[in-house]
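Chemist: Structure file coords.cif, mmCIF, C-alpha atoms, is pasted below:
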```
data_my_file
loop_
_atom_site.label_atom_id
_atom_site.label_comp_id
_atom_site.auth_asym_id
_atom_site.auth_seq_id
_atom_site.Cartn_x
_atom_site.Cartn_y
_atom_site.Cartn_z
CA MET K 1 -28.11 -4.16 2.37
CA TYR K 2 -24.57 -2.86 1.90
CA ASN K 3 -24.95 -0.49 4.84
CA ALA K 4 -26.32 -3.27 7.01
CA ILE K 5 -23.38 -5.66 6.56
CA PHE K 6 -20.60 -3.16 5.97
CA PRO K 7 -21.61 0.12 7.62
CA MET K 8 -18.26 1.93 7.57
CA PRO K 9 -17.04 3.19 4.18
CA GLN K 10 -14.14 1.04 2.98
CA LYS K 11 -13.63 2.67 -0.40
CA ALA K 12 -11.75 5.94 -0.49
CA VAL K 13 -13.75 9.00 -1.38
CA PRO K 14 -11.96 11.09 -4.02
CA MET K 15 -11.71 14.72 -3.03
CA GLY K 16 -13.43 17.04 -5.46
CA ALA K 17 -16.21 14.58 -6.23
CA ALA K 18 -19.80 15.46 -5.42
CA GLY K 19 -20.56 14.88 -1.78
CA PRO K 20 -19.04 15.84 1.57
CA SER K 21 -15.96 18.01 1.59
CA PHE K 22 -12.64 16.77 2.93
CA GLU K 23 -13.15 18.83 6.09
CA ASP K 24 -16.56 17.19 6.61
CA LEU K 25 -15.06 13.72 6.20
CA LYS K 26 -12.15 14.59 8.47
CA GLU K 27 -14.61 15.57 11.20
CA ILE K 28 -16.69 12.40 10.76
CA PHE K 29 -13.78 9.96 10.29
CA PRO K 30 -10.72 11.63 11.87
CA ASP K 31 -8.74 8.38 11.99
CA ARG K 32 -9.15 7.76 8.25
CA VAL K 33 -7.22 10.84 7.15
CA LEU K 34 -4.05 9.99 9.11
CA LEU K 35 -1.02 8.87 7.10
CA ALA K 36 -0.14 6.59 10.00
CA ARG K 37 -3.22 4.51 9.11
CA LEU K 38 -1.31 3.15 6.12
CA ASP K 39 1.53 2.16 8.43
CA ASP K 40 -0.94 0.39 10.73
CA ILE K 41 -2.37 -1.53 7.77
CA PHE K 42 1.10 -2.74 6.84
CA SER K 43 1.75 -3.79 10.45
CA ALA K 44 -1.42 -5.89 10.35
CA TRP K 45 -0.30 -7.46 7.06
CA LYS K 46 3.19 -8.14 8.46
CA ASP K 47 1.74 -9.83 11.54
CA SER K 48 -0.28 -12.16 9.33
CA HIS K 49 2.66 -12.72 7.01
CA ASP K 50 5.02 -13.57 9.88
CA SER K 51 2.57 -16.17 11.20
CA LEU K 52 2.90 -18.18 7.98
CA PRO K 53 5.26 -21.13 7.66
CA SER K 54 8.74 -19.89 6.75
CA TYR K 55 8.54 -21.39 3.26
CA GLU K 56 5.48 -19.24 2.52
CA GLN K 57 6.99 -15.97 3.73
CA VAL K 58 8.37 -13.34 1.38
CA SER K 59 12.16 -13.32 1.24
CA MET K 60 14.97 -13.13 -1.27
CA ALA K 61 14.26 -16.79 -2.03
CA TYR K 62 10.43 -16.77 -2.11
CA PRO K 63 8.34 -16.28 -4.06
CA VAL K 64 10.43 -17.01 -7.14
CA ALA K 65 10.12 -14.62 -10.05
CA GLY K 66 6.77 -15.03 -11.78
CA THR K 67 4.97 -16.36 -8.68
CA LYS K 68 1.90 -14.66 -7.25
CA ALA K 69 0.74 -15.48 -3.73
CA ARG K 70 -2.30 -14.44 -1.71
CA ILE K 71 -2.04 -13.46 1.95
CA LEU K 72 -5.08 -12.70 4.11
CA TYR K 73 -4.76 -10.19 6.93
CA ASP K 74 -7.10 -8.64 9.51
CA TYR K 75 -7.53 -4.92 10.00
CA ASP K 76 -10.30 -2.71 11.38
CA ASN K 77 -12.46 -5.77 12.17
CA TYR K 78 -12.34 -7.05 8.59
CA THR K 79 -10.28 -9.62 6.71
CA TYR K 80 -8.58 -8.39 3.55
CA ARG K 81 -6.82 -10.11 0.70
CA SER K 82 -3.36 -9.01 -0.41
CA THR K 83 -1.39 -10.24 -3.37
CA VAL K 84 2.37 -10.69 -3.40
CA ALA K 85 4.19 -11.09 -6.68
CA SER K 86 7.82 -11.36 -7.65
CA ILE K 87 9.01 -10.03 -10.97
CA LYS K 88 12.35 -9.10 -12.49
CA VAL K 89 13.05 -5.49 -13.45
CA ASP K 90 16.27 -5.04 -15.42
CA GLY K 91 17.42 -8.39 -14.09
CA VAL K 92 16.77 -7.49 -10.43
CA VAL K 93 14.10 -9.21 -8.32
CA GLN K 94 11.29 -6.84 -7.30
CA PHE K 95 8.66 -7.87 -4.75
CA GLU K 96 5.26 -6.26 -5.22
CA ILE K 97 2.78 -6.23 -2.34
CA LYS K 98 -0.72 -4.87 -2.97
CA LEU K 99 -2.80 -3.85 0.05
CA SER K 100 -6.28 -2.40 0.53
CA ASN K 101 -6.32 1.16 1.85
CA ASP K 102 -9.28 0.30 4.14
CA GLY K 103 -11.19 3.46 3.38
CA PHE K 104 -8.23 5.82 3.76
CA ILE K 105 -9.34 9.37 2.94
CA TYR K 106 -6.62 11.03 0.91
CA PRO K 107 -5.61 14.53 2.04
CA SER K 108 -4.84 17.01 -0.70
CA ARG K 109 -1.16 17.00 -1.59
CA ASP K 110 -1.19 20.73 -0.84
CA THR K 111 -1.51 19.86 2.85
CA LEU K 112 1.43 17.44 2.84
CA SER K 113 5.19 17.88 2.93
CA LEU K 114 6.47 16.99 -0.54
CA ASN K 115 9.74 16.53 -2.34
CA ASP K 116 9.56 19.45 -4.76
CA THR K 117 12.23 18.02 -7.06
CA TYR K 118 9.90 15.26 -8.28
CA PHE K 119 8.58 15.85 -11.81
CA SER K 120 4.83 15.15 -11.80
CA ARG K 121 4.79 14.40 -15.52
CA ASN K 122 6.85 11.28 -14.94
CA THR K 123 4.89 8.13 -15.77
CA HIS K 124 4.47 5.53 -13.04
CA HIS K 125 2.04 2.62 -13.41
CA LYS K 126 0.87 4.17 -16.67
CA ARG K 127 -0.20 7.33 -14.81
CA THR K 128 1.17 10.83 -14.50
CA GLY K 129 0.36 13.45 -11.86
CA TRP K 130 2.08 11.74 -8.93
CA ALA K 131 3.57 13.70 -6.05
CA ARG K 132 6.49 12.49 -3.96
CA LEU K 133 6.25 12.66 -0.19
CA SER K 134 9.24 14.19 1.57
CA ASP K 135 11.79 11.92 3.19
CA GLU K 136 10.93 13.40 6.59
CA THR K 137 7.27 12.50 6.08
CA VAL K 138 8.27 8.92 5.32
CA LYS K 139 10.51 8.66 8.40
CA THR K 140 7.87 10.23 10.66
CA HIS K 141 4.78 8.31 9.59
CA PHE K 142 5.90 4.98 8.10
CA ALA K 143 8.34 3.32 10.50
CA SER K 144 6.70 -0.11 10.18
CA ILE K 145 6.78 0.00 6.40
CA LEU K 146 10.44 0.99 6.39
CA ALA K 147 11.36 -1.78 8.83
CA GLY K 148 9.27 -4.33 6.93
CA ALA K 149 10.81 -3.42 3.58
CA LYS K 150 14.31 -3.74 5.03
CA SER K 151 13.45 -7.09 6.60
CA ILE K 152 12.08 -8.54 3.36
CA MET K 153 15.09 -7.37 1.37
CA GLY K 154 17.55 -8.63 4.00
CA ALA K 155 18.81 -5.11 4.71
CA MET K 156 17.92 -4.57 8.38
CA ASP K 157 21.29 -3.05 9.28
CA GLU K 158 21.68 -1.03 6.09
CA LEU K 159 20.53 2.24 4.64
CA ILE K 160 18.22 1.76 1.66
CA ASP K 161 17.12 4.02 -1.16
CA GLY K 162 13.46 4.80 -1.61
CA LYS K 163 10.64 7.13 -2.53
CA VAL K 164 6.93 7.30 -1.79
CA LEU K 165 4.63 8.41 -4.60
CA TYR K 166 1.20 9.81 -3.77
CA HIS K 167 -1.83 10.24 -6.03
CA GLU K 168 -4.98 11.37 -4.24
CA PHE K 169 -6.98 11.52 -7.48
CA GLN K 170 -6.18 7.90 -8.36
CA GLU K 171 -6.50 6.90 -4.68
CA ARG K 172 -3.06 5.28 -4.56
CA VAL K 173 0.13 5.44 -2.57
CA ASP K 174 3.20 3.51 -3.74
CA PHE K 175 6.26 2.83 -1.58
CA LEU K 176 9.33 1.95 -3.63
CA PHE K 177 12.55 0.83 -1.92
CA GLN K 178 15.74 -0.87 -3.03
CA ARG K 179 19.01 -2.02 -1.55
CA ARG K 180 21.80 0.43 -2.19
CA ASP K 181 23.79 -2.23 -4.04
CA GLY K 182 20.80 -2.68 -6.38
CA SER K 183 20.37 -6.38 -5.55
CA ALA K 184 16.68 -6.23 -4.49
CA ARG K 185 13.65 -3.99 -4.79
CA ILE K 186 10.23 -3.81 -3.19
CA LEU K 187 7.00 -2.03 -4.13
CA ILE K 188 4.19 -1.72 -1.57
CA SER K 189 0.99 -0.35 -3.12
CA TYR K 190 -2.20 0.84 -1.45
CA GLU K 191 -5.40 1.08 -3.45
CA PRO K 192 -9.17 0.82 -2.83
CA GLY K 193 -10.27 -2.69 -1.96
CA TYR K 194 -13.18 -4.50 -0.33
CA PRO K 195 -12.90 -7.02 2.54
CA GLU K 196 -12.43 -10.65 1.66
CA HIS K 197 -16.05 -11.69 2.23
CA PHE K 198 -17.06 -9.50 -0.72
CA HIS K 199 -15.01 -11.73 -3.01
CA LYS K 200 -16.53 -15.09 -2.07
CA ASP K 201 -19.42 -14.60 -4.50
CA ASP K 202 -17.29 -13.35 -7.40
CA PRO K 203 -18.82 -14.80 -10.57
CA TRP K 204 -16.94 -17.57 -12.34
CA GLY K 205 -17.29 -18.47 -16.00
CA GLU K 206 -17.97 -21.95 -17.32
CA PHE K 207 -15.57 -23.31 -19.94
#
```
Kindly return the structure encoded in the file as structure tokens.
Modeler:
Amino acid sequence: MYNAIFPMPQKAVPMGAAGPSFEDLKEIFPDRVLLARLDDIFSAWKDSHDSLPSYEQVSMAYPVAGTKARILYDYDNYTYRSTVASIKVDGVVQFEIKLSNDGFIYPSRDTLSLNDTYFSRNTHHKRTGWARLSDETVKTHFASILAGAKSIMGAMDELIDGKVLYHEFQERVDFLFQRRDGSARILISYEPGYPEHFHKDDPWGEF
């Protein structure tokens, strides 16, 4: 039944698990191994976000710290759910946007250009073993994400600080940016996630 209603894999396949090799998957789904796919997903999210009333859009004023919002967006012929939260980290507002990776197949970090100064034993999101993508990789493949992060933080005409952490084994990519004056931060996370129609039958408890 799953294959009938949702024929294309939407959950990332961890490399090294039993099953097809990365090269096999790359041949079958060449578009799913491209880093630019993540940029396209963000563009789809931003289009949906920008169509919302201004008071529902993410900005320095909304959502207020402690608020969590849900934004639906369309990509690859499916509707996905994203969550947007605002928290304070060391007294600074940090926006956190969680997006589905839409079946992105994670290349081995050995095939990517990395920042070799990053210490993989650092803990991020209660995990170690992250790699940091090189700044050139970020500039080359993630123009929409960079522009979107600057727009949300009100820094369109400024340079911002940032890093992109990559974890193919945990199937996650995290984009962390902040204004150079330290007044705002943003975290954009990609992780496995099913289209919205899979959530409509989520079980609810009775209390």
Chemist: I'd like the residues picked by the PyMOL selection byres ((chain K and resi 151-157) around 12) written out as a PyMOL selection string, using the chain letters and numbers from the file.
Modeler: chain K and resi 46+49-50+57-63+92-97+144-150+158-161+177-188
Chemist: Name the closest residue to K:Ser51 among the candidates K:Lys68, K:Tyr73, K:Tyr78, K:Ser86; distances are taken between atoms, counting only C-alpha atoms.
Modeler: K:Tyr73
Chemist: Given the choices K:Gly103, K:Tyr190, K:Asn77, K:Arg70, which gets closest to K:Asp31 if the distance is worked out from all atoms listed in the file?
Modeler: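 Of all the options, K:Gly103 lies closest to K:Asp31.
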Chemist: Restricting the calculation to all atoms listed in the file: of K:Pro30, K:Val173, K:Pro20, K:Glu168, which residue gets closest to K:Tyr106?
Modeler: K:Glu168
Chemist: Of the residues K:Arg37, K:Arg32, K:Arg172, K:His167, which is the one nearest to K:Thr128, using only C-alpha atoms?
Modeler: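 Of K:Arg37, K:Arg32, K:Arg172, K:His167, the one nearest K:Thr128, counting only C-alpha atoms, is K:His167.
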Chemist: Around (-6.4, 11.7, 5.5), as given in the file, which residues come within 7 Å? Count all atoms listed in the file and list them as a ChimeraX atom specification.
Modeler: /K:32-35,104-107
Chemist: Selected residues, C-alpha atoms, written as an mmCIF file, keeping the file's coordinate frame, please.
Modeler:
```
data_model
loop_
_atom_site.group_PDB
_atom_site.id
_atom_site.type_symbol
_atom_site.label_atom_id
_atom_site.label_comp_id
_atom_site.auth_asym_id
_atom_site.auth_seq_id
_atom_site.Cartn_x
_atom_site.Cartn_y
_atom_site.Cartn_z
ATOM 1 C CA ARG K 32 -9.150 7.760 8.250
ATOM 2 C CA VAL K 33 -7.220 10.840 7.150
ATOM 3 C CA LEU K 34 -4.050 9.990 9.110
ATOM 4 C CA LEU K 35 -1.020 8.870 7.100
ATOM 5 C CA PHE K 104 -8.230 5.820 3.760
ATOM 6 C CA ILE K 105 -9.340 9.370 2.940
ATOM 7 C CA TYR K 106 -6.620 11.030 0.910
ATOM 8 C CA PRO K 107 -5.610 14.530 2.040
#
```
Chemist: Do you have the atom CA of K:Glu171-atom CA of K:Lys88 distance handy?
Modeler: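 Answer for the atom CA of K:Glu171 to atom CA of K:Lys88 separation: 25.9 Å.
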Chemist: Provide the atom CA of K:Ala131 to atom CA of K:Asp39 distance in Å, to one decimal place.
Modeler: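 Computing it gives 18.6 Å between the two atoms.
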Chemist: Provide the atom CA of K:Phe119 to atom CA of K:Ser189 distance in Å, to one decimal place.
Modeler: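 Between atom CA of K:Phe119 and atom CA of K:Ser189 the gap works out to 19.9 Å.
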Chemist: Taking all atoms listed in the file into account, which of K:Glu23, K:Thr140, K:Pro53, K:Leu165 comes nearest K:Asn122?
Modeler: K:Leu165
Chemist: K:Lys26, K:Arg127, K:Lys98, K:Arg132: which is nearest K:Asp110, counting all atoms listed in the file?
Modeler: K:Arg132
